[in-house]
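Visitor: The following block contains the structure, expressed as structure tokens.
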There are 2 protein chains.
Amino acid sequence: MTELETPHIRPALYLIPSTMSDAPVGDVLPAGNLRVVRAIKHYVVENVRTVRRFLKRCDRDIDIDSLEFTVLDEHTRPEEIPPMLAPLLAGEPVGVISEAGCPAIADPGADLVAIAQEKGLEVIPLVGPSSILLSLMGSGFNGQSFAFIGYLPHEAKARALRLRELERRIRQESQTQIFIETPYRNNRLIAELASTLPPSLRLCVASDLTGQRQSIVTLPLSKWAGRKYDYDKTPTIFLLNY
Amino acid sequence: MTELETPHIRPALYLIPSTMSDAPVGDVLPAGNLRVVRAIKHYVVENVRTVRRFLKRCDRDIDIDSLEFTVLDEHTRPEEIPPMLAPLLAGEPVGVISEAGCPAIADPGADLVAIAQEKGLEVIPLVGPSSILLSLMGSGFNGQSFAFIGYLPHEAKARALRLRELERRIRQESQTQIFIETPYRNNRLIAELASTLPPSLRLCVASDLTGQRQSIVTLPLSKWAGRKYDYDKTPTIFLLNY
């Protein structure tokens with residue numbers, strides 16, 4: 001695509017999901033997202049190298065060197081964030097792309113969106129893969145009430161308390177509880193859940209979502225206890241409900 | 001597309017998101033979903049008429065009359081659900097399509113998925129628009145911890161209690177609370193939140209997501225109190241956090 005063909009989009013903060021596995025771009029992102037990508041010159045990203053690779057996968061002919069990348073990651077100081085909206089204040093669209101999946105869901109992009117909202121700027125989220133949503137759909141669990149809680153606490157006592165609280169919310173509110181773990185501890189987490197929570201509680205383990213080896217398995221904890229599995233080092237998400 | 005060109009996909013229960021606004025199919029659904037749609041002959045749907053229209057929008061040349069539709073809605077009796085998996089047990093893929101957005105998130109499709117999981121059948125969720133995810137991305141709120149709770153209770157005392165509990169979870173866990181309302185009560189709900197919850201709490205109102213008149217606005221309740229708005233009869237979702 002040449003520069004002359006750059007499509008026009010209205011100035012806004014575009015939240016652009018990326019792929020989160022080896023899946024082809026066309027299998028997990030709408031074609032409309034590509035039109036947006038082609039029109040944006042200013043990007044806020046977590047990691048420049050992976051975003052460059054992602055943009056090349058979206059459009060082989062994209063002129064990466066004409067694009068401006070600003071890094072927003074866990075090392076960014078709060079006062080560095082507002083200037084990232086300068087192009088938008090000058091009438092140019094700005095794109096946010098995170099490492100995998102949907103930006104601003106579990107990454108620093110949310111801080112930038114919050115500032116855009118404070119300034120009354122338009123924010124446009126685009127459709128893309130979310131391990132939280134895909135796993136919930138595939139689990140068979142209640143989707144009318146669910147919570148994503150990130151990581152469980154590491155410290156033993158706080159962790160036990162948190163698990164008890166989750167079990168209470170599942171029992172009283174039928175609220176599906178969704179969480180993640182550091183990938184090399186996935187197997188250990190399953191064993192821990194199976195040995196500490198009621199055996200009739202069901203656990204869904206969803207791994208390598210959208211990837212070649214995607215697997216979504218829901219079983220009572222009593223069955224996980226006797227099962228062979230190996231999810232270590234694979235991106236995996238966990239869901240609990242009765 | 002003629003029958004000879006029907007692509008091959010592996011037998012599984014496919015969860016196929018639909019559009020949820022006037023947005024063109026290509027703006028909100030990956031092209032890969034279309035390949036799946038073309039390969040499926042057996043559908044479980046909430047409403048046959050809207051799904052026929054959706055499939056025609058996906059592929060004008062689709063031969064609707066060659067497809068089998070089974071209705072799964074709130075009137076379906078539990079014992080009617082397992083037979084819907086018969087084609088899959090015979091080696092044929094089955095598709096689930098709900099009214100708007102992602103199946104099995106807030107609709108009866110989840111019961112069918114649960115039975116597929118019990119039988120050890122493969123479930124494959126596809127990417128598509130979700131008002132919960134899109135609004136969370138656009139709100140600027142914490143996406144590391146959030147809960148979707150469906151509707152608030154209607155009865156006054158239960159409703160007041162629920163709102164107090166939500167405010168507590170926001171304060172103690174920084175957990176973004178997401179909910180919906182019957183569309184003709186949207187304006188009333190905003191006024192109610194503004195008059196009963198702490199004025200510094202921020203409310204995001206996201207309406208007509210993916211549509212021509214999409215609007216995502218996050219403001220402190222103190223500002224919503226003095227603002228003019230009209231969200232009645234428009235699909236809208238509400239998010240609260242500090």
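Labels used: A, B, ... for chains in the order of the structure tokens, numbers from 1 for residues in each chain, and numbers from 1 for ligands as shown.
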Got a sec to pull out which chain B residues are within 8 Å of chain A, counting only C-alpha atoms, and send them as a short mmCIF file (atom, residue, chain, number, x, y, z; two decimals) with N, CA and C atoms, in the first residue's frame?
Guide:
```
data_model
loop_
_atom_site.label_atom_id
_atom_site.label_comp_id
_atom_site.auth_asym_id
_atom_site.auth_seq_id
_atom_site.Cartn_x
_atom_site.Cartn_y
_atom_site.Cartn_z
N LEU B 15 -18.76 -21.68 18.65
CA LEU B 15 -19.52 -20.57 19.23
C LEU B 15 -19.23 -19.35 18.37
N GLY B 26 -17.49 -7.11 8.30
CA GLY B 26 -16.03 -7.09 8.23
C GLY B 26 -15.36 -6.17 9.24
N ASP B 27 -16.15 -5.28 9.86
CA ASP B 27 -15.57 -4.39 10.87
C ASP B 27 -15.53 -5.03 12.25
N VAL B 28 -16.34 -6.07 12.47
CA VAL B 28 -16.42 -6.62 13.82
C VAL B 28 -16.18 -8.13 13.90
N LEU B 29 -16.11 -8.81 12.75
CA LEU B 29 -15.87 -10.25 12.78
C LEU B 29 -14.67 -10.60 11.89
N PRO B 30 -13.78 -11.47 12.39
CA PRO B 30 -12.64 -11.91 11.56
C PRO B 30 -13.12 -12.66 10.33
N ALA B 31 -12.35 -12.54 9.24
CA ALA B 31 -12.71 -13.25 8.01
C ALA B 31 -12.73 -14.77 8.24
N GLY B 32 -11.89 -15.24 9.17
CA GLY B 32 -11.85 -16.68 9.47
C GLY B 32 -13.19 -17.23 9.94
N ASN B 33 -13.99 -16.38 10.61
CA ASN B 33 -15.31 -16.85 11.07
C ASN B 33 -16.19 -17.25 9.89
N CYS B 102 -21.50 -12.20 21.65
CA CYS B 102 -20.87 -13.51 21.85
C CYS B 102 -21.83 -14.52 22.48
N PRO B 103 -22.01 -15.69 21.82
CA PRO B 103 -22.90 -16.69 22.42
C PRO B 103 -22.32 -17.24 23.72
N ALA B 104 -23.20 -17.69 24.59
CA ALA B 104 -22.85 -18.36 25.85
C ALA B 104 -22.28 -17.40 26.89
N ILE B 105 -22.30 -16.09 26.62
CA ILE B 105 -21.86 -15.14 27.65
C ILE B 105 -23.05 -14.73 28.51
N ALA B 106 -24.12 -14.32 27.90
CA ALA B 106 -25.29 -13.96 28.71
C ALA B 106 -26.54 -14.49 27.99
N ASP B 107 -26.50 -15.77 27.61
CA ASP B 107 -27.67 -16.34 26.93
C ASP B 107 -27.70 -17.86 27.12
N ALA B 110 -24.95 -21.21 26.96
CA ALA B 110 -24.03 -21.75 27.96
C ALA B 110 -24.45 -23.15 28.42
N ASP B 111 -25.77 -23.42 28.48
CA ASP B 111 -26.23 -24.75 28.91
C ASP B 111 -25.79 -25.83 27.92
N LEU B 112 -25.85 -25.49 26.64
CA LEU B 112 -25.43 -26.43 25.60
C LEU B 112 -23.92 -26.68 25.69
N VAL B 113 -23.16 -25.62 25.91
CA VAL B 113 -21.70 -25.76 26.05
C VAL B 113 -21.37 -26.64 27.25
N ALA B 114 -22.09 -26.45 28.35
CA ALA B 114 -21.83 -27.24 29.56
C ALA B 114 -22.02 -28.73 29.28
N ILE B 115 -23.05 -29.07 28.51
CA ILE B 115 -23.30 -30.48 28.18
C ILE B 115 -22.21 -31.01 27.26
N GLN B 117 -19.16 -30.04 27.22
CA GLN B 117 -17.99 -30.25 28.08
C GLN B 117 -18.13 -31.55 28.88
N GLU B 118 -19.33 -31.80 29.39
CA GLU B 118 -19.55 -33.05 30.15
C GLU B 118 -19.29 -34.28 29.29
N GLY B 120 -17.22 -34.41 26.90
CA GLY B 120 -15.84 -34.40 26.40
C GLY B 120 -15.73 -34.01 24.94
N GLU B 122 -15.27 -31.30 21.79
CA GLU B 122 -14.47 -30.09 21.64
C GLU B 122 -15.37 -28.86 21.43
N VAL B 123 -15.05 -27.78 22.13
CA VAL B 123 -15.77 -26.51 22.01
C VAL B 123 -14.79 -25.47 21.48
N ILE B 124 -15.17 -24.76 20.42
CA ILE B 124 -14.29 -23.76 19.82
C ILE B 124 -14.98 -22.40 19.77
N PRO B 125 -14.61 -21.47 20.67
CA PRO B 125 -15.20 -20.13 20.64
C PRO B 125 -14.49 -19.26 19.61
N LEU B 126 -15.24 -18.53 18.81
CA LEU B 126 -14.64 -17.63 17.82
C LEU B 126 -14.65 -16.18 18.33
N VAL B 127 -13.77 -15.37 17.76
CA VAL B 127 -13.64 -13.97 18.18
C VAL B 127 -14.79 -13.12 17.62
N GLY B 128 -15.27 -12.20 18.42
CA GLY B 128 -16.32 -11.29 17.96
C GLY B 128 -16.56 -10.20 18.97
N PRO B 129 -17.51 -9.30 18.69
CA PRO B 129 -17.71 -8.14 19.55
C PRO B 129 -18.39 -8.52 20.87
N SER B 130 -17.91 -7.95 21.95
CA SER B 130 -18.54 -8.11 23.27
C SER B 130 -18.66 -6.74 23.90
N LEU B 133 -16.37 -6.37 27.04
CA LEU B 133 -14.95 -6.14 26.79
C LEU B 133 -14.68 -4.77 26.16
N LEU B 134 -15.47 -4.43 25.14
CA LEU B 134 -15.24 -3.16 24.45
C LEU B 134 -15.43 -1.97 25.39
N SER B 135 -16.46 -2.04 26.22
CA SER B 135 -16.71 -0.93 27.14
C SER B 135 -15.60 -0.85 28.19
N LEU B 136 -15.13 -2.00 28.65
CA LEU B 136 -14.06 -2.00 29.65
C LEU B 136 -12.78 -1.39 29.05
N MET B 137 -12.44 -1.78 27.82
CA MET B 137 -11.27 -1.20 27.15
C MET B 137 -11.41 0.32 27.06
N GLY B 138 -12.58 0.77 26.65
CA GLY B 138 -12.79 2.20 26.38
C GLY B 138 -13.00 3.05 27.62
N SER B 139 -13.28 2.41 28.76
CA SER B 139 -13.62 3.16 29.97
C SER B 139 -12.40 3.83 30.61
N GLY B 140 -11.23 3.20 30.46
CA GLY B 140 -10.05 3.67 31.19
C GLY B 140 -9.98 3.11 32.60
N PHE B 141 -10.92 2.23 32.94
CA PHE B 141 -10.95 1.64 34.28
C PHE B 141 -10.02 0.44 34.38
N ASN B 142 -9.83 -0.01 35.61
CA ASN B 142 -9.00 -1.18 35.90
C ASN B 142 -9.54 -2.42 35.18
N GLY B 143 -8.71 -2.97 34.29
CA GLY B 143 -9.08 -4.20 33.61
C GLY B 143 -8.40 -5.41 34.23
N GLN B 144 -7.59 -5.17 35.28
CA GLN B 144 -6.90 -6.30 35.95
C GLN B 144 -7.85 -6.99 36.91
N SER B 145 -8.93 -6.31 37.24
CA SER B 145 -9.94 -6.89 38.12
C SER B 145 -11.27 -6.26 37.77
N PHE B 146 -12.20 -7.05 37.30
CA PHE B 146 -13.52 -6.51 36.96
C PHE B 146 -14.58 -7.60 37.06
N ALA B 147 -15.82 -7.17 37.26
CA ALA B 147 -16.92 -8.12 37.35
C ALA B 147 -18.09 -7.64 36.51
N PHE B 148 -18.69 -8.57 35.76
CA PHE B 148 -19.95 -8.29 35.08
C PHE B 148 -21.05 -8.95 35.91
N ILE B 149 -22.06 -8.16 36.28
CA ILE B 149 -23.06 -8.71 37.19
C ILE B 149 -24.46 -8.75 36.59
N GLY B 150 -24.58 -8.50 35.29
CA GLY B 150 -25.91 -8.55 34.65
C GLY B 150 -26.75 -7.36 35.07
N GLN B 175 -12.15 -3.35 42.05
CA GLN B 175 -12.76 -4.19 41.02
C GLN B 175 -13.83 -3.40 40.26
N ILE B 216 -18.71 6.42 24.31
CA ILE B 216 -18.14 5.86 25.54
C ILE B 216 -17.65 7.04 26.37
N VAL B 217 -18.36 7.33 27.45
CA VAL B 217 -18.05 8.52 28.25
C VAL B 217 -17.85 8.14 29.71
N THR B 218 -16.67 8.50 30.25
CA THR B 218 -16.38 8.26 31.67
C THR B 218 -16.29 9.61 32.39
N LEU B 219 -17.09 9.76 33.44
CA LEU B 219 -17.11 11.00 34.22
C LEU B 219 -17.40 10.68 35.68
#
```
Visitor: Could you give me the residues within range 104-142 of chain B that DSSP places in helix (DSSP H, G or I), as a list in words?
Guide: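 For range 104-142 of chain B, the helix (DSSP H, G or I) set is Gly109, Ala110, Asp111, Leu112, Val113, Ala114, Ile115, Ala116, Gln117, Glu118, Ser131, Ile132, Leu133, Leu134, Ser135, Leu136, Met137, Gly138 and Ser139 of chain B.
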Visitor: What does the file look like for those residues with N, CA, C and O atoms, as a PDB file, in the first residue's frame?
Guide:
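Resulting contents of again.pdb:
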```
ATOM      1  N   GLY B 109     -27.104 -20.368  25.420  1.00  0.00           N
ATOM      2  CA  GLY B 109     -26.074 -21.193  24.796  1.00  0.00           C
ATOM      3  C   GLY B 109     -25.146 -21.859  25.801  1.00  0.00           C
ATOM      4  O   GLY B 109     -24.631 -22.954  25.555  1.00  0.00           O
ATOM      5  N   ALA B 110     -24.954 -21.205  26.963  1.00  0.00           N
ATOM      6  CA  ALA B 110     -24.033 -21.747  27.964  1.00  0.00           C
ATOM      7  C   ALA B 110     -24.446 -23.147  28.418  1.00  0.00           C
ATOM      8  O   ALA B 110     -23.590 -23.989  28.710  1.00  0.00           O
ATOM      9  N   ASP B 111     -25.766 -23.420  28.481  1.00  0.00           N
ATOM     10  CA  ASP B 111     -26.227 -24.750  28.908  1.00  0.00           C
ATOM     11  C   ASP B 111     -25.793 -25.828  27.920  1.00  0.00           C
ATOM     12  O   ASP B 111     -25.429 -26.936  28.301  1.00  0.00           O
ATOM     13  N   LEU B 112     -25.845 -25.488  26.639  1.00  0.00           N
ATOM     14  CA  LEU B 112     -25.426 -26.435  25.604  1.00  0.00           C
ATOM     15  C   LEU B 112     -23.918 -26.680  25.689  1.00  0.00           C
ATOM     16  O   LEU B 112     -23.460 -27.828  25.588  1.00  0.00           O
ATOM     17  N   VAL B 113     -23.161 -25.619  25.911  1.00  0.00           N
ATOM     18  CA  VAL B 113     -21.700 -25.764  26.048  1.00  0.00           C
ATOM     19  C   VAL B 113     -21.368 -26.642  27.249  1.00  0.00           C
ATOM     20  O   VAL B 113     -20.491 -27.512  27.171  1.00  0.00           O
ATOM     21  N   ALA B 114     -22.092 -26.449  28.354  1.00  0.00           N
ATOM     22  CA  ALA B 114     -21.828 -27.244  29.560  1.00  0.00           C
ATOM     23  C   ALA B 114     -22.016 -28.732  29.278  1.00  0.00           C
ATOM     24  O   ALA B 114     -21.223 -29.570  29.730  1.00  0.00           O
ATOM     25  N   ILE B 115     -23.051 -29.066  28.506  1.00  0.00           N
ATOM     26  CA  ILE B 115     -23.298 -30.482  28.184  1.00  0.00           C
ATOM     27  C   ILE B 115     -22.208 -31.007  27.258  1.00  0.00           C
ATOM     28  O   ILE B 115     -21.718 -32.128  27.431  1.00  0.00           O
ATOM     29  N   ALA B 116     -21.795 -30.200  26.297  1.00  0.00           N
ATOM     30  CA  ALA B 116     -20.685 -30.609  25.413  1.00  0.00           C
ATOM     31  C   ALA B 116     -19.434 -30.887  26.240  1.00  0.00           C
ATOM     32  O   ALA B 116     -18.732 -31.885  26.006  1.00  0.00           O
ATOM     33  N   GLN B 117     -19.164 -30.044  27.218  1.00  0.00           N
ATOM     34  CA  GLN B 117     -17.989 -30.246  28.085  1.00  0.00           C
ATOM     35  C   GLN B 117     -18.125 -31.549  28.876  1.00  0.00           C
ATOM     36  O   GLN B 117     -17.171 -32.308  28.995  1.00  0.00           O
ATOM     37  N   GLU B 118     -19.332 -31.801  29.393  1.00  0.00           N
ATOM     38  CA  GLU B 118     -19.553 -33.052  30.147  1.00  0.00           C
ATOM     39  C   GLU B 118     -19.289 -34.281  29.291  1.00  0.00           C
ATOM     40  O   GLU B 118     -18.800 -35.300  29.774  1.00  0.00           O
ATOM     41  N   SER B 131     -19.879  -6.337  24.228  1.00  0.00           N
ATOM     42  CA  SER B 131     -20.040  -4.996  24.803  1.00  0.00           C
ATOM     43  C   SER B 131     -19.313  -4.904  26.144  1.00  0.00           C
ATOM     44  O   SER B 131     -18.841  -3.828  26.521  1.00  0.00           O
ATOM     45  N   ILE B 132     -19.196  -6.023  26.855  1.00  0.00           N
ATOM     46  CA  ILE B 132     -18.502  -6.006  28.146  1.00  0.00           C
ATOM     47  C   ILE B 132     -17.030  -5.650  27.936  1.00  0.00           C
ATOM     48  O   ILE B 132     -16.497  -4.725  28.557  1.00  0.00           O
ATOM     49  N   LEU B 133     -16.374  -6.370  27.035  1.00  0.00           N
ATOM     50  CA  LEU B 133     -14.945  -6.137  26.786  1.00  0.00           C
ATOM     51  C   LEU B 133     -14.681  -4.771  26.159  1.00  0.00           C
ATOM     52  O   LEU B 133     -13.778  -4.053  26.566  1.00  0.00           O
ATOM     53  N   LEU B 134     -15.466  -4.426  25.143  1.00  0.00           N
ATOM     54  CA  LEU B 134     -15.236  -3.159  24.445  1.00  0.00           C
ATOM     55  C   LEU B 134     -15.427  -1.973  25.389  1.00  0.00           C
ATOM     56  O   LEU B 134     -14.634  -1.029  25.390  1.00  0.00           O
ATOM     57  N   SER B 135     -16.461  -2.045  26.221  1.00  0.00           N
ATOM     58  CA  SER B 135     -16.706  -0.929  27.141  1.00  0.00           C
ATOM     59  C   SER B 135     -15.604  -0.851  28.191  1.00  0.00           C
ATOM     60  O   SER B 135     -15.173   0.237  28.575  1.00  0.00           O
ATOM     61  N   LEU B 136     -15.133  -2.000  28.650  1.00  0.00           N
ATOM     62  CA  LEU B 136     -14.058  -2.002  29.645  1.00  0.00           C
ATOM     63  C   LEU B 136     -12.780  -1.392  29.054  1.00  0.00           C
ATOM     64  O   LEU B 136     -12.113  -0.569  29.687  1.00  0.00           O
ATOM     65  N   MET B 137     -12.442  -1.776  27.820  1.00  0.00           N
ATOM     66  CA  MET B 137     -11.274  -1.204  27.149  1.00  0.00           C
ATOM     67  C   MET B 137     -11.412   0.318  27.056  1.00  0.00           C
ATOM     68  O   MET B 137     -10.481   1.061  27.355  1.00  0.00           O
ATOM     69  N   GLY B 138     -12.582   0.770  26.646  1.00  0.00           N
ATOM     70  CA  GLY B 138     -12.786   2.197  26.385  1.00  0.00           C
ATOM     71  C   GLY B 138     -12.998   3.046  27.622  1.00  0.00           C
ATOM     72  O   GLY B 138     -12.904   4.270  27.568  1.00  0.00           O
ATOM     73  N   SER B 139     -13.280   2.411  28.755  1.00  0.00           N
ATOM     74  CA  SER B 139     -13.619   3.160  29.973  1.00  0.00           C
ATOM     75  C   SER B 139     -12.399   3.827  30.610  1.00  0.00           C
ATOM     76  O   SER B 139     -12.529   4.855  31.275  1.00  0.00           O
TER      77      SER B 139
END
```
Visitor: Among range 52-163 of chain A, which residues carry a DSSP assignment of strand (DSSP E or B), reported as a VMD selection string?
Guide: chain A and resid 68 to 71 94 to 97 101 123 to 125 146 to 151
